[in-house]
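*Asks:* Got a structure for you, questions after.
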Amino acid sequence: MFQAKVKSETLKGIVDVVSTLVDEAKFNIDPKGVTLKAVDPAHVAMIDMKIEKSAFEEYAADDTELGIDLDKIKEVLRLSRSGDIISLEQDEDKNRLVINVGNVTRRMNLVDTSGMSDPKVPNLNLPAKVAVASEELQKGIKAAESISDHIALTAHPEGFEMVSEGDTDSVSLKLSKDQLVSLECKETARSLFPLDYFSNMIRAIAVGTVVTMSLGNDYPVKLEFSIADGRGTVNYLLAPRIESE
Amino acid sequence: MFQAKVKSETLKGIVDVVSTLVDEAKFNIDPKGVTLKAVDPAHVAMIDMKIEKSAFEEYAADDTELGIDLDKIKEVLRLSRSGDIISLEQDEDKNRLVINVGNVTRRMNLVDTSGMSDPKVPNLNLPAKVAVASEELQKGIKAAESISDHIALTAHPEGFEMVSEGDTDSVSLKLSKDQLVSLECKETARSLFPLDYFSNMIRAIAVGTVVTMSLGNDYPVKLEFSIADGRGTVNYLLAPRIESE
Amino acid sequence: MFQAKVKSETLKGIVDVVSTLVDEAKFNIDPKGVTLKAVDPAHVAMIDMKIEKSAFEEYAADDTELGIDLDKIKEVLRLSRSGDIISLEQDEDKNRLVINVGNVTRRMNLVDTSGMSDPKVPNLNLPAKVAVASEELQKGIKAAESISDHIALTAHPEGFEMVSEGDTDSVSLKLSKDQLVSLECKETARSLFPLDYFSNMIRAIAVGTVVTMSLGNDYPVKLEFSIADGRGTVNYLLAPRIESE
C-alpha cells in the first residue's frame with residue numbers, strides 16, 4: 001500500500017535527479033519513507049537516494065515497491081505548477097499508480113521490478129572533501145562544454161579546481177578556500193571524469209543547494225546533496241576515467 | 001469595396017481560429033460585417049464565423065468576397081504589437097489587399113474564390129450543453145496528448161469529463177457541475193473525437209473565453225464561443241469517431 | 001603585447017558585428033586601440049572597424065596582431081552577464097589568448113594571420129545620406145523576409161524607402177523626412193541588395209543606434225554606426241545586385 005501527497009516541486013526534484021541515470025526506476029517504499037538505488041546501463045554512475053516521509057504533505061505506506069517510468073511522471077509534472085499538490089496512490093489490484101493534479105487523473109501501469117536489483121553501494125575511502133554551491137559547479141560545466149568530453153576535478157589544500165583540456169584550448173574554474181563552503185584536504189587529490197555524466201547530475205541539482213564532493217586520486221567522486229527541502233539526501237557516485245599517458 | 005481598420009489582436013484572434021482548418025479562406029463581406037464558412041480538406045470539421053462591423057475600429061464595405069492566404073496575414077501580424085491598428089483595403093483593379101501597419105505597407109494578391117463554395121451547416125439535435133472556461137479544456141488536452149490520438153467528451157447530469165485511453169495508461173479531466181459555467185444535461189451524452197482537431201481549435205481560443213459545447217451520443221460536438229471582444233461568434237462542428245468494439 | 005579589460009556587452013557588440021562576415025578575424029592592435037578590416041568569403045561585403053582604447057576598462061598594448069576564432073569568444077561571452085568585466089591577455093610565448101571571466105579562465109590558441117591580408121577599402125562617391133534609428137531598419141527587414149531575397153533601398157528628397165518585391169506580393173517601409181534622424185538627398189538614389197547580408201548586419205547593430213546609410217544608383221551602400229558606447233565606429237560596405245531588366 002502506498003498513498004501520498006507531495007508538492008509538485010518536490011516530486012520534480014526527485015525525478016530530475018533519478019532520470020539523469022535511468023528511464024525506469026524501482027522506488028522502495030516503507031512506512032518511514034522512500035529509498036532508491038540505481039546504476040546507469042553502462043555502470044558508470046550510481047545513485048543512492050533516501051526521502052523521509054516528512055518530505056510528503058501526506059504519507060501512508062506499507063512495505064512495497066513501485067516500478068515507475070519516469071517520463072510519465074514528467075508528463076504529469078508538466079500539467080502542474082510549483083506549489084500544486086500531487087496525490088499518488090498505488091492501485092494494487094490493477095498494478096497501477098493513480099496520480100491526481102487538480103481535476104486531472106492519470107492512471108499508469110507500473111513497471112515490472114523483478115529484474116531490477118538494488119546495486120551494492122561500494123565503501124570508498126576518499127581523503128578530500130569539498131563543499132561548494134551548485135551554481136559554481138554549473139558555471140564550470142558550462143565553460144568546459146565547448147572544450148572537451150572530460151573534466152578533471154582537483155582538490156588541494158588551498159582550494160578546488162575544475163579543468164577541461166582540448167587539443168587547442170583549455171578552460172578552468174578555480175575556487176579558493178574562501179569561495180568554498182568548506183574544504184578538508186591535506187594532499188592534492190585529482191581525478192578525471194566523463195563530462196556528460198557529471199554535467200547531467202549537476203544540472204539536476206536545484207539552484208542554492210550545497211554539494212559536498214569527496215575526491216581521491218584516479219578514484220570515483222562522491223557527490224552528496226539534499227533534496228526535498230532537506231527531507232531527503234542523494235549520494236551520487238561517478239567512476240573516474242583513467243588517463244592514458 | 002472593403003476598407004477597414006482593426007486592432008492587431010482582433011485580427012489575430014480571427015486568423016488563429018480560421019487557420020486551424022484551412023490555409024486559404026473566403027471572407028464574405030457586406031455592409032454589416034464579415035462572415036466565413038469553411039470545412040477542412042478532410043471534411044472532419046466545419047467553422048461558421050460571424051464578425052459584426054463594430055468589431056472593427058473603422059469599417060466601410062459593399063458586398064464583396066476576399067480570398068485570403070492566412071499565412072500572409074500572420075506574417076503581417078508578426079510586424080505588429082497588441083494595440084497596433086492595422087488598416088486593410090481592397091484594391092479592386094489589381095485584385096489585391098493592401099495592408100498597413102505603422103510605416104509598413106504589404107500588398108498581397110487575393111486568392112481566387114471561384115472554387116470556394118460555402119459549406120452548408122447541418123442542423124443537429126444535440127441534447128446536452130456544457131459551458132466551460134477555455135483554460136479547463138486546454139488543461140484536459142495537454143493531459144491527453146501523451147496518451148492517445150482520441151479524446152472522449154462526456155456530459156452527464158452531474159458534470160463533464162474528458163477521457164483519453166491508451167494501451168497502458170489513461171487520463172481524465174473531471175469537472176463537477178459547480179466547476180462549469182453552466183450545464184444542461186438530462187442523460188449521459190458521450191462521443192469520441194480526434195484529439196488533434198479538438199486540440200488545435202481549443203488552443204486557438206483566447207484565454208478567458210467561455211466555450212459552450214453541445215454533445216450527443218456518437219454525434220458531432222458543436223463548440224460556440226465569441227471572438228473580437230464579443231463582437232463576433234464562432235460555431236465549430238467536429239465529426240465524431242465511431243468506436244469499433 | 002596586449003592586455004586589456006572590457007565590459008562583457010562591449011566585447012559582445014564587437015563580436016556580433018564582425019561575425020556577420022567572417023568566422024575568424026585578424027584584430028590589429030596598437031597602443032591607441034584596435035582596428036579590423038575584413039571581407040566575407042564571397043567578397044560581397046566589407047567591414048572597417050576602429051575601437052579606441054577608451055572603449056576598454058583597462059588597455060595596454062604594443063603593435064601586434066591577434067587572429068581570433070570568433071565562436072570561441074562567443075562561448076566565453078555565454079559565461080558572462082552584462083556588466084561583467086572580461087580580461088584578455090596575449091600569451092606571446094605560447095601564441096595564445098588567455099581570457100578571464102570571474103573564476104573561469106579560458107586559454108585559446110590564436111589563429112594564424114599570415115594568410116589574412118587587410119582588404120583595401122574603396123573610395124566611393126555616394127551622393128545620398130540617410131540617418132535612421134536601427135529599429136526602423138529592423139522593422140523593414142522583418143517585413144521583407146517573407147517576400148523576396150532582395151531589398152531595394154531608396155533615398156529621395158522627401159524620405160527613405162525599403163521595398164521588397166515578390167511574384168505576387170510586395171512590402172515597403174516608408175519613412176518621411178521627419179521620421180529620419182537626418183537626410184541629405186538632392187536626387188533619388190536607389191540600389192538593390194541581397195537581403196541576407198543586409199539583414200544580418202542590421203540585426204547585429206545594438207538597439208538604439210543611429211545608422212547612417214550612404215546610397216547611390218546601383219552602387220554599394222555604406223552603413224556607418226558607432227559601437228562600444230561611441231568609443232568605436234564601424235563602416236560596412238555592401239555590394240549592390242544589378243537588376244536585369
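Numbering starts fresh at 1 for the residues of each chain in the C-alpha cells, the chains themselves are lettered A, B, ... in the order given, and ligands are numbered from 1 as they appear.
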Using only C-alpha atoms, determine which residues lie at most 8 Å from Val181 in chain A, disregarding the query and same-chain residues fewer than 6 positions distant; provide the list as a PyMOL selection string.
*Replies:* chain A and resi 130-133+210
*Asks:* For the selection just defined, write its residues with N, CA and C atoms to a file, as an mmCIF file, in the first residue's frame.
*Replies:*
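Final file, selection_4.cif:
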```cif
data_model
loop_
_atom_site.group_PDB
_atom_site.id
_atom_site.type_symbol
_atom_site.label_atom_id
_atom_site.label_comp_id
_atom_site.auth_asym_id
_atom_site.auth_seq_id
_atom_site.Cartn_x
_atom_site.Cartn_y
_atom_site.Cartn_z
ATOM 1 N N VAL A 130 35.175 18.580 -0.455
ATOM 2 C CA VAL A 130 34.954 19.965 -0.876
ATOM 3 C C VAL A 130 33.462 20.233 -0.870
ATOM 4 N N ALA A 131 33.011 21.251 -0.156
ATOM 5 C CA ALA A 131 31.599 21.630 -0.198
ATOM 6 C C ALA A 131 31.486 22.962 -0.921
ATOM 7 N N VAL A 132 30.567 23.025 -1.897
ATOM 8 C CA VAL A 132 30.511 24.186 -2.784
ATOM 9 C C VAL A 132 29.072 24.402 -3.252
ATOM 10 N N ALA A 133 28.726 25.646 -3.555
ATOM 11 C CA ALA A 133 27.391 25.952 -4.067
ATOM 12 C C ALA A 133 27.231 25.358 -5.467
ATOM 13 N N VAL A 210 23.921 23.159 -1.555
ATOM 14 C CA VAL A 210 25.353 22.921 -1.327
ATOM 15 C C VAL A 210 25.667 21.471 -1.683
#
```
*Asks:* At a cut-off of 6 Å, list the chain A residues touching chain C, using only C-alpha atoms, as a list of chain:residue names.
*Replies:*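 Taken together, these residues fit the definition: A:Thr168, A:Asp169, A:Ser170, A:Val171, A:Ser172, A:Leu173, A:Lys174.
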*Asks:* Deliver the residues from the most recent selection as a file, using C-alpha atoms, as a PDB file, in the first residue's frame.
*Replies:*
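The result, written out as out-v9.pdb:
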```pdb
ATOM      1  CA  THR A 168      43.958  23.761 -28.829  1.00  0.00           C
ATOM      2  CA  ASP A 169      42.100  25.283 -25.884  1.00  0.00           C
ATOM      3  CA  SER A 170      41.638  24.748 -22.192  1.00  0.00           C
ATOM      4  CA  VAL A 171      39.320  26.133 -19.577  1.00  0.00           C
ATOM      5  CA  SER A 172      39.484  26.128 -15.811  1.00  0.00           C
ATOM      6  CA  LEU A 173      37.339  27.225 -12.893  1.00  0.00           C
ATOM      7  CA  LYS A 174      39.350  27.965  -9.754  1.00  0.00           C
TER       8      LYS A 174
END
```
*Asks:* Report the residues of range 39-222 of chain A whose backbone DSSP state falls under alpha helix (DSSP H), written as a PDB file with C-alpha atoms, in the first residue's frame.
*Replies:*
```pdb
ATOM      1  CA  LEU A  70       9.978   8.448 -15.073  1.00  0.00           C
ATOM      2  CA  ASP A  71       8.905  10.080 -18.367  1.00  0.00           C
ATOM      3  CA  LYS A  72       5.288   9.515 -17.370  1.00  0.00           C
ATOM      4  CA  ILE A  73       5.813  11.352 -14.090  1.00  0.00           C
ATOM      5  CA  LYS A  74       7.393  14.180 -16.067  1.00  0.00           C
ATOM      6  CA  GLU A  75       4.277  14.350 -18.247  1.00  0.00           C
ATOM      7  CA  VAL A  76       2.148  14.736 -15.133  1.00  0.00           C
ATOM      8  CA  LEU A  77       4.509  17.371 -13.715  1.00  0.00           C
ATOM      9  CA  SER A 134      25.830  24.114  -7.031  1.00  0.00           C
ATOM     10  CA  GLU A 135      25.870  27.342  -9.086  1.00  0.00           C
ATOM     11  CA  GLU A 136      29.690  27.365  -9.098  1.00  0.00           C
ATOM     12  CA  LEU A 137      29.794  23.820 -10.431  1.00  0.00           C
ATOM     13  CA  GLN A 138      27.224  24.724 -13.070  1.00  0.00           C
ATOM     14  CA  LYS A 139      29.429  27.600 -14.221  1.00  0.00           C
ATOM     15  CA  GLY A 140      32.445  25.292 -14.504  1.00  0.00           C
ATOM     16  CA  ILE A 141      30.475  22.759 -16.527  1.00  0.00           C
ATOM     17  CA  LYS A 142      29.168  25.367 -18.930  1.00  0.00           C
ATOM     18  CA  ALA A 143      32.713  26.614 -19.523  1.00  0.00           C
ATOM     19  CA  ALA A 144      34.014  23.082 -20.118  1.00  0.00           C
ATOM     20  CA  LEU A 195      31.751  15.489 -18.595  1.00  0.00           C
ATOM     21  CA  ASP A 196      28.284  14.367 -19.723  1.00  0.00           C
ATOM     22  CA  TYR A 197      27.584  12.295 -16.606  1.00  0.00           C
ATOM     23  CA  PHE A 198      28.942  14.941 -14.271  1.00  0.00           C
ATOM     24  CA  SER A 199      27.139  17.697 -16.114  1.00  0.00           C
ATOM     25  CA  ASN A 200      23.760  15.927 -16.219  1.00  0.00           C
ATOM     26  CA  MET A 201      23.810  15.366 -12.474  1.00  0.00           C
ATOM     27  CA  ILE A 202      24.989  18.864 -11.574  1.00  0.00           C
ATOM     28  CA  ARG A 203      22.264  20.370 -13.767  1.00  0.00           C
ATOM     29  CA  ALA A 204      19.619  18.286 -11.995  1.00  0.00           C
TER      30      ALA A 204
END
```
*Asks:* CA of Glu9 in chain C and CA of Val39 in chain C are how many Å apart?
*Replies:*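 Those two atoms sit 24.0 Å apart.
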*Asks:* Between CA of Asn28 in chain B and CA of Pro194 in chain B, what is the distance, to one decimal in Å?
*Replies:*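 Between CA of Asn28 in chain B and CA of Pro194 in chain B the gap is 29.2 Å.
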*Asks:* Which one of A:Glu161, A:Asp48, A:Asp23, A:Asp84 sits closest to Glu224 in chain A if you count only C-alpha atoms?
*Replies:*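 Smallest distance to Glu224 in chain A is found for A:Asp48.
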*Asks:* Tell me, as a list in words, which residues lie within 10 Å of His43 in chain C, counting only C-alpha atoms; anything in the same chain fewer than 4 positions away does not count.
*Replies:*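 Everything that qualifies: Leu21, Ala38, Val39, Leu238 and Ala239 of chain C.
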*Asks:* Got a sec: who's within 6 Å of range 119-129 of chain A, counting only C-alpha atoms, leaving out chain neighbours fewer than 5 positions off, as a short mmCIF file (atom, residue, chain, number, x, y, z; two decimals) with C-alpha atoms, in the first residue's frame?
*Replies:*
```
data_model
loop_
_atom_site.label_atom_id
_atom_site.label_comp_id
_atom_site.auth_asym_id
_atom_site.auth_seq_id
_atom_site.Cartn_x
_atom_site.Cartn_y
_atom_site.Cartn_z
CA LEU A 183 37.36 22.27 2.43
CA GLU A 184 39.08 19.28 4.03
CA CYS A 185 42.18 18.41 2.05
CA MET A 213 32.27 16.28 -3.21
CA SER A 214 34.60 13.59 -1.89
CA LEU A 215 37.65 13.04 -4.07
CA GLY A 216 40.72 10.82 -4.34
#
```
*Asks:* Please return as a ChimeraX atom specification: the residues of range 13-193 of chain B that backbone DSSP assigns to strand (DSSP E or B).
*Replies:* /B:24-30,33-39,45-52,58-61,64-69,85-91,96-101,104-109,128-133,150-156,159-165,169-176,182-184,189-193
*Asks:* What gap, in Å, lies between CA of Ser54 in chain B and CA of Ala228 in chain B?
*Replies:*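 Pair CA of Ser54 in chain B / CA of Ala228 in chain B returns 9.3 Å.
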*Asks:* With only C-alpha atoms as the counted atoms, please give the residues lying no more than 8 Å from Ala152 in chain B, apart from itself and same-chain residues fewer than 5 positions off, as a list in words.
*Replies:*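 The residues satisfying every condition are Glu161, Met162, Val163, Ser164, Arg190, Ser191, Leu192 and Phe193 of chain B.
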*Asks:* Please, could you write that set of residues out with C-alpha atoms as an mmCIF file, in the first residue's frame?
*Replies:*
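Contents of the output file selection-v3.cif:
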```cif
data_model
loop_
_atom_site.group_PDB
_atom_site.id
_atom_site.type_symbol
_atom_site.label_atom_id
_atom_site.label_comp_id
_atom_site.auth_asym_id
_atom_site.auth_seq_id
_atom_site.Cartn_x
_atom_site.Cartn_y
_atom_site.Cartn_z
ATOM 1 C CA GLU B 161 -15.482 14.648 -18.350
ATOM 2 C CA MET B 162 -12.681 14.395 -20.920
ATOM 3 C CA VAL B 163 -11.067 10.938 -21.097
ATOM 4 C CA SER B 164 -8.184 9.602 -23.129
ATOM 5 C CA ARG B 190 -20.661 10.690 -24.875
ATOM 6 C CA SER B 191 -18.763 10.897 -28.148
ATOM 7 C CA LEU B 192 -15.169 10.222 -29.183
ATOM 8 C CA PHE B 193 -13.173 12.784 -31.206
#
```
*Asks:* Quick one: residues within 7 Å of Glu158 in chain C, only C-alpha atoms, excluding same-chain residues fewer than 2 positions away - as a PyMOL selection string?
*Replies:* chain C and resi 156+176-177
